[in-house]
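These notes concern the structure reproduced below.
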Amino acid sequence: MRFLISFAPLLLSVILLQLSSGGVGPLDAVSGLGLGFTKAEIGMLGSAHFVGFFVGCWWAPRLMGSVGHARAFAGFTAMGAIGLLAHMLWIAPVPWAVMRIATGLSVAGAYTVIEAWMNASITNETRGRAMGGYRFVDLGGSLAAQLLIGVLEPAHYVSYNVLALTCCAAILPLTLTRTPQPETPRTPRLRPALAWSCSPLAVAGVIVAGITSAAFRMVGPVYGQEVGLATGQLAWFLASFVLGGALAQLPVGWLADRFDRRWVLIWLSAAAIASCAVTVMASGMGQSVAFVTAGLFGFTTFPIFSISAAHANDFATSEQRVELSAALMFFYAVGAIASPLMASGLIERFGPPALFAFIAVGHLGLIIFGLARSRQRPTREVRTPYTYTPRTSFSMGRLFGKLRDRP
């Protein structure tokens, strides 16, 4: 209990951040549709978020080194609150895209500070428990954030004010804690070539994971409205995706620890293609069926990033893990930046099923590449343990590095 209490300020800040940052994406999509934005413009908002996210991942460690953890965290959350509050002051797609860059930068920067603070506060003996609590809070907050659009009125200043207030509230637990600020860690170098040299398949996997998650989370509300789901139903549709991904962690992790991870990725991508087809075919069968298919889609696609990261770490040394994590996040951001804009354009031209056709093509490419790579070199007999890896910052490798060092 003392251990949990000592981390309560950090975990509470994570929950509040998830509620504000996770709620703005679907709220923007639903609000944009009501305001007459085109589907391509709504996709641009999702892509802008991940542009800001990438910039925040790169900039946050440098800002921490200049002003310290608490001041950097306060600055990043203030930036996110400003981006949220400005939505109803200037209603147009391009200004909203600029605001989404600010909110994306905010969440990446704030998570970088939290993870650096947490990493400095735990020991090897408490690392497993700390990471378990962090993963639980991260997934729980993400699930709750999707449900917010069921109670927030689209394109209304009160809705964005609620998210901004939640973002501001995230400042309080971390900045008022009596825990001393840790020393600023060394900024990891961004070396994309390191990830490719460790595992080209892992690089392809995290790109496809970025394409899949960003397209569904940012453009999923557009798809849902096109197939007849009400705003409240959209909330459960998106939440079912996150819940399915959370439920997949134990069985998929068990498979990834016992079988060749390349074949786990291949079969999981095949299942993802099947779930895409089922989701499209069941789109007119009622809301309960839509929720089940969204959960199945999350179950088959959500773990792909973590499996890819584990596969890359199988071929990395302990000294490379932090920079490898940053490189994998870079490739994830590449896929996430491109996919909302592309998916929304396809929906506008070919209709709602184009979203899942786009995602299915990405997974088909991963299957083909995985089969080719399985012929290039043998798998590793001694593997690092599978662990669910949040896609939150370039510093994630520090938190999970010690957990991966044991076979």
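Ordering of the structure tokens sets the chain letters (A, B, ...); residue numbers start at 1 within each chain; ligands are numbered from 1 in the order shown.
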For region 151-156 of chain A, please output as a PyMOL selection string all residues within 8 Å (counting only C-alpha atoms; exclusion window: fewer than 2 positions along the same chain).
-> chain A and resi 27-28+30-32+34-35+88+147-149+158-160+232
Contact table region 9-119 of chain A vs region 207-224 of chain A, cut-off 9 Å, shortest pair per residue, only C-alpha atoms, as a Markdown table:
```
| residue | atom | partner | partner_atom | distance |
| --- | --- | --- | --- | --- |
| A:Gly25 | CA | A:Met218 | CA | 5.8 |
| A:Pro26 | CA | A:Pro221 | CA | 6.2 |
| A:Leu27 | CA | A:Pro221 | CA | 8.7 |
| A:Asp28 | CA | A:Met218 | CA | 8.7 |
| A:Ala29 | CA | A:Pro221 | CA | 6.2 |
| A:Val30 | CA | A:Pro221 | CA | 6.4 |
| A:Leu33 | CA | A:Val222 | CA | 7.6 |
| A:Lys39 | CA | A:Val222 | CA | 7.4 |
| A:Ile42 | CA | A:Val219 | CA | 7.5 |
| A:Gly43 | CA | A:Val219 | CA | 6.3 |
| A:Leu45 | CA | A:Met218 | CA | 8.1 |
| A:Gly46 | CA | A:Met218 | CA | 5.3 |
| A:Ser47 | CA | A:Ala214 | CA | 8.2 |
| A:Phe50 | CA | A:Ala214 | CA | 8.6 |
```
Could those residues be written to a file, using C-alpha atoms, as a short mmCIF file (atom, residue, chain, number, x, y, z; two decimals), in the first residue's frame?
```cif
data_model
loop_
_atom_site.label_atom_id
_atom_site.label_comp_id
_atom_site.auth_asym_id
_atom_site.auth_seq_id
_atom_site.Cartn_x
_atom_site.Cartn_y
_atom_site.Cartn_z
CA GLY A 25 -9.80 13.02 -30.88
CA PRO A 26 -13.30 11.51 -31.12
CA LEU A 27 -14.89 14.79 -29.99
CA ASP A 28 -13.14 16.66 -32.81
CA ALA A 29 -14.29 14.07 -35.35
CA VAL A 30 -17.93 14.22 -34.27
CA LEU A 33 -18.95 16.36 -38.98
CA LYS A 39 -13.90 13.82 -44.10
CA ILE A 42 -11.27 15.54 -40.16
CA GLY A 43 -8.49 13.13 -41.09
CA LEU A 45 -6.91 16.79 -37.56
CA GLY A 46 -5.87 13.27 -36.59
CA SER A 47 -2.65 13.51 -38.57
CA PHE A 50 0.57 12.86 -34.31
#
```
Counting only C-alpha atoms, the residue of A:Ile266, A:Ala145, A:Met79, A:Ala274 that sits nearest Gly104 (chain A) |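 Distance minimum relative to Gly104 (chain A) lands on A:Met79.
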What gap, in Å, lies between CA of Arg71 (chain A) and CA of Ala333 (chain A)?
-> 25.9 Å
Taking only C-alpha atoms into account, which of A:Leu229, A:Leu85, A:Cys198, A:Val242 comes nearest Met285 (chain A)?
->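 Looking only at the distances to Met285 (chain A), the closest residue turns out to be A:Leu229.
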Find the nearest atom pair between each residue of region 216-252 of chain A and region 302-325 of chain A for residues within 9 Å, count only C-alpha atoms, give distances in Å to one decimal, sort rows by chain and ascending number, and present the table as JSON lines.
```
{"residue": "A:Phe241", "atom": "CA", "partner": "A:Phe302", "partner_atom": "CA", "distance": 8.3}
{"residue": "A:Val242", "atom": "CA", "partner": "A:Phe302", "partner_atom": "CA", "distance": 7.8}
{"residue": "A:Gly244", "atom": "CA", "partner": "A:Phe302", "partner_atom": "CA", "distance": 7.9}
{"residue": "A:Gly245", "atom": "CA", "partner": "A:Phe302", "partner_atom": "CA", "distance": 4.8}
{"residue": "A:Ala246", "atom": "CA", "partner": "A:Phe302", "partner_atom": "CA", "distance": 7.9}
{"residue": "A:Ala248", "atom": "CA", "partner": "A:Pro303", "partner_atom": "CA", "distance": 6.9}
{"residue": "A:Gln249", "atom": "CA", "partner": "A:Pro303", "partner_atom": "CA", "distance": 6.5}
{"residue": "A:Val252", "atom": "CA", "partner": "A:Pro303", "partner_atom": "CA", "distance": 7.2}
```
Keeping only all heavy atoms, write the selected residues to a file as a JSON list (two decimals), in the first residue's frame.
```
[["chain", "number", "residue", "atom", "x", "y", "z"],
["A", 241, "PHE", "N", -13.09, -1.21, -28.86],
["A", 241, "PHE", "CA", -11.77, -1.43, -29.47],
["A", 241, "PHE", "C", -10.68, -1.48, -28.40],
["A", 241, "PHE", "O", -9.84, -2.39, -28.39],
["A", 241, "PHE", "CB", -11.50, -0.31, -30.47],
["A", 241, "PHE", "CG", -10.08, -0.22, -30.94],
["A", 241, "PHE", "CD1", -9.57, -1.11, -31.86],
["A", 241, "PHE", "CD2", -9.23, 0.77, -30.45],
["A", 241, "PHE", "CE1", -8.25, -1.04, -32.30],
["A", 241, "PHE", "CE2", -7.92, 0.87, -30.88],
["A", 241, "PHE", "CZ", -7.43, -0.05, -31.81],
["A", 242, "VAL", "N", -10.69, -0.51, -27.47],
["A", 242, "VAL", "CA", -9.68, -0.48, -26.41],
["A", 242, "VAL", "C", -9.84, -1.68, -25.48],
["A", 242, "VAL", "O", -8.85, -2.30, -25.08],
["A", 242, "VAL", "CB", -9.78, 0.84, -25.62],
["A", 242, "VAL", "CG1", -8.77, 0.86, -24.47],
["A", 242, "VAL", "CG2", -9.55, 2.03, -26.54],
["A", 244, "GLY", "N", -11.11, -4.63, -26.17],
["A", 244, "GLY", "CA", -10.62, -5.82, -26.87],
["A", 244, "GLY", "C", -9.11, -5.91, -26.85],
["A", 244, "GLY", "O", -8.53, -6.98, -26.63],
["A", 245, "GLY", "N", -8.44, -4.76, -27.04],
["A", 245, "GLY", "CA", -6.97, -4.73, -26.99],
["A", 245, "GLY", "C", -6.45, -5.08, -25.61],
["A", 245, "GLY", "O", -5.43, -5.77, -25.48],
["A", 246, "ALA", "N", -7.13, -4.60, -24.55],
["A", 246, "ALA", "CA", -6.70, -4.91, -23.19],
["A", 246, "ALA", "C", -6.86, -6.40, -22.90],
["A", 246, "ALA", "O", -5.98, -7.03, -22.29],
["A", 246, "ALA", "CB", -7.51, -4.08, -22.20],
["A", 248, "ALA", "N", -6.66, -8.78, -24.94],
["A", 248, "ALA", "CA", -5.76, -9.60, -25.77],
["A", 248, "ALA", "C", -4.38, -9.77, -25.15],
["A", 248, "ALA", "O", -3.64, -10.68, -25.55],
["A", 248, "ALA", "CB", -5.61, -8.95, -27.15],
["A", 249, "GLN", "N", -4.02, -8.92, -24.18],
["A", 249, "GLN", "CA", -2.63, -8.90, -23.73],
["A", 249, "GLN", "C", -2.18, -10.24, -23.14],
["A", 249, "GLN", "O", -1.07, -10.71, -23.43],
["A", 249, "GLN", "CB", -2.42, -7.77, -22.71],
["A", 249, "GLN", "CG", -2.69, -6.39, -23.26],
["A", 249, "GLN", "CD", -1.89, -6.09, -24.53],
["A", 249, "GLN", "OE1", -0.70, -6.41, -24.62],
["A", 249, "GLN", "NE2", -2.56, -5.50, -25.50],
["A", 252, "VAL", "N", -2.25, -13.26, -26.01],
["A", 252, "VAL", "CA", -1.27, -12.97, -27.06],
["A", 252, "VAL", "C", 0.14, -12.97, -26.47],
["A", 252, "VAL", "O", 1.09, -13.46, -27.09],
["A", 252, "VAL", "CB", -1.59, -11.63, -27.76],
["A", 252, "VAL", "CG1", -0.47, -11.23, -28.69],
["A", 252, "VAL", "CG2", -2.90, -11.74, -28.52]]
```
Of the candidates A:Ala92, A:Ala8, A:Ala86, A:Ala272, which shows the shortest atom-to-atom distance to Tyr134 (chain A), using only C-alpha atoms?
->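 Result for the nearest residue to Tyr134 (chain A): A:Ala8.
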Nearest to Gly351 (chain A) among A:Ala70, A:Ala294, A:Val55, A:Val280, with distances taken over only C-alpha atoms: which residue is it?
->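 Distance minimum relative to Gly351 (chain A) lands on A:Val280.
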Atomic distance CA of Met64 (chain A) - CA of Tyr111 (chain A), expressed in Å with one decimal |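 About the pair CA of Met64 (chain A) and CA of Tyr111 (chain A): they are 11.9 Å apart.
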Considering only C-alpha atoms, return as a ChimeraX atom specification whatever protein or nucleic-acid residues lie within 12 Å of Pro251 (chain A), sequence-local ones (same chain, fewer than 5 positions apart) excluded.
-> /A:244-246,256-258,264,268,299-300,303,386-388
Given only C-alpha atoms as the counted atoms, nearest of A:Gly370, A:Pro192, A:Gly284, A:Pro353 to Leu265 (chain A) =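 Closest to Leu265 (chain A) of all the choices is A:Gly370.
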Compile the contact shell of Phe330 (chain A) as a ChimeraX atom specification: residues with an atom at most 10 Å away, counting only C-alpha atoms, same-chain residues fewer than 6 positions apart removed.
-> /A:54,57-58,190-192,195,203,206-207,324,336,393-394
Those selected residues, please, written with N, CA, C and O atoms and delivered as an mmCIF file, in the first residue's frame.
```
data_model
loop_
_atom_site.group_PDB
_atom_site.id
_atom_site.type_symbol
_atom_site.label_atom_id
_atom_site.label_comp_id
_atom_site.auth_asym_id
_atom_site.auth_seq_id
_atom_site.Cartn_x
_atom_site.Cartn_y
_atom_site.Cartn_z
ATOM 1 N N PHE A 54 4.963 13.654 -32.222
ATOM 2 C CA PHE A 54 6.357 13.364 -32.551
ATOM 3 C C PHE A 54 7.277 14.498 -32.096
ATOM 4 O O PHE A 54 8.345 14.253 -31.525
ATOM 5 N N CYS A 57 7.712 14.281 -28.326
ATOM 6 C CA CYS A 57 8.614 13.202 -27.920
ATOM 7 C C CYS A 57 10.078 13.632 -28.051
ATOM 8 O O CYS A 57 10.919 13.290 -27.205
ATOM 9 N N TRP A 58 10.388 14.353 -29.103
ATOM 10 C CA TRP A 58 11.772 14.771 -29.363
ATOM 11 C C TRP A 58 12.182 15.932 -28.466
ATOM 12 O O TRP A 58 13.302 15.986 -27.970
ATOM 13 N N LEU A 190 18.015 9.668 -31.458
ATOM 14 C CA LEU A 190 17.030 9.102 -32.379
ATOM 15 C C LEU A 190 17.778 8.437 -33.528
ATOM 16 O O LEU A 190 18.339 9.115 -34.390
ATOM 17 N N ARG A 191 17.810 7.109 -33.519
ATOM 18 C CA ARG A 191 18.548 6.329 -34.518
ATOM 19 C C ARG A 191 17.608 5.327 -35.189
ATOM 20 O O ARG A 191 17.558 4.160 -34.812
ATOM 21 N N PRO A 192 16.819 5.774 -36.173
ATOM 22 C CA PRO A 192 15.912 4.837 -36.839
ATOM 23 C C PRO A 192 16.629 3.633 -37.434
ATOM 24 O O PRO A 192 16.070 2.529 -37.481
ATOM 25 N N ALA A 195 16.744 0.410 -35.219
ATOM 26 C CA ALA A 195 15.590 -0.488 -35.230
ATOM 27 C C ALA A 195 15.609 -1.379 -36.467
ATOM 28 O O ALA A 195 15.320 -2.581 -36.386
ATOM 29 N N VAL A 203 10.103 -3.108 -37.447
ATOM 30 C CA VAL A 203 9.844 -1.782 -38.010
ATOM 31 C C VAL A 203 8.545 -1.789 -38.805
ATOM 32 O O VAL A 203 7.690 -0.908 -38.641
ATOM 33 N N VAL A 206 5.500 -2.002 -36.328
ATOM 34 C CA VAL A 206 5.085 -0.792 -35.606
ATOM 35 C C VAL A 206 4.498 0.238 -36.571
ATOM 36 O O VAL A 206 3.615 1.010 -36.184
ATOM 37 N N ILE A 207 4.950 0.267 -37.826
ATOM 38 C CA ILE A 207 4.332 1.164 -38.811
ATOM 39 C C ILE A 207 2.876 0.760 -39.038
ATOM 40 O O ILE A 207 1.970 1.602 -39.046
ATOM 41 N N LEU A 324 16.569 1.995 -28.994
ATOM 42 C CA LEU A 324 15.685 1.168 -29.817
ATOM 43 C C LEU A 324 14.233 1.561 -29.591
ATOM 44 O O LEU A 324 13.449 1.661 -30.548
ATOM 45 N N ALA A 336 1.298 6.659 -37.963
ATOM 46 C CA ALA A 336 0.161 7.340 -37.362
ATOM 47 C C ALA A 336 -0.088 8.709 -37.988
ATOM 48 O O ALA A 336 -1.238 9.159 -38.060
ATOM 49 N N SER A 393 5.986 7.752 -25.231
ATOM 50 C CA SER A 393 7.130 8.656 -25.341
ATOM 51 C C SER A 393 8.355 7.882 -25.787
ATOM 52 O O SER A 393 8.386 6.656 -25.760
ATOM 53 N N PHE A 394 9.400 8.631 -26.164
ATOM 54 C CA PHE A 394 10.666 8.019 -26.536
ATOM 55 C C PHE A 394 11.383 7.414 -25.323
ATOM 56 O O PHE A 394 12.316 6.630 -25.482
#
```
Point-to-point distance from CA of Ile347 (chain A) to CA of Gly335 (chain A), Å rounded to tenths =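 Distance between the two atoms: 17.9 Å.
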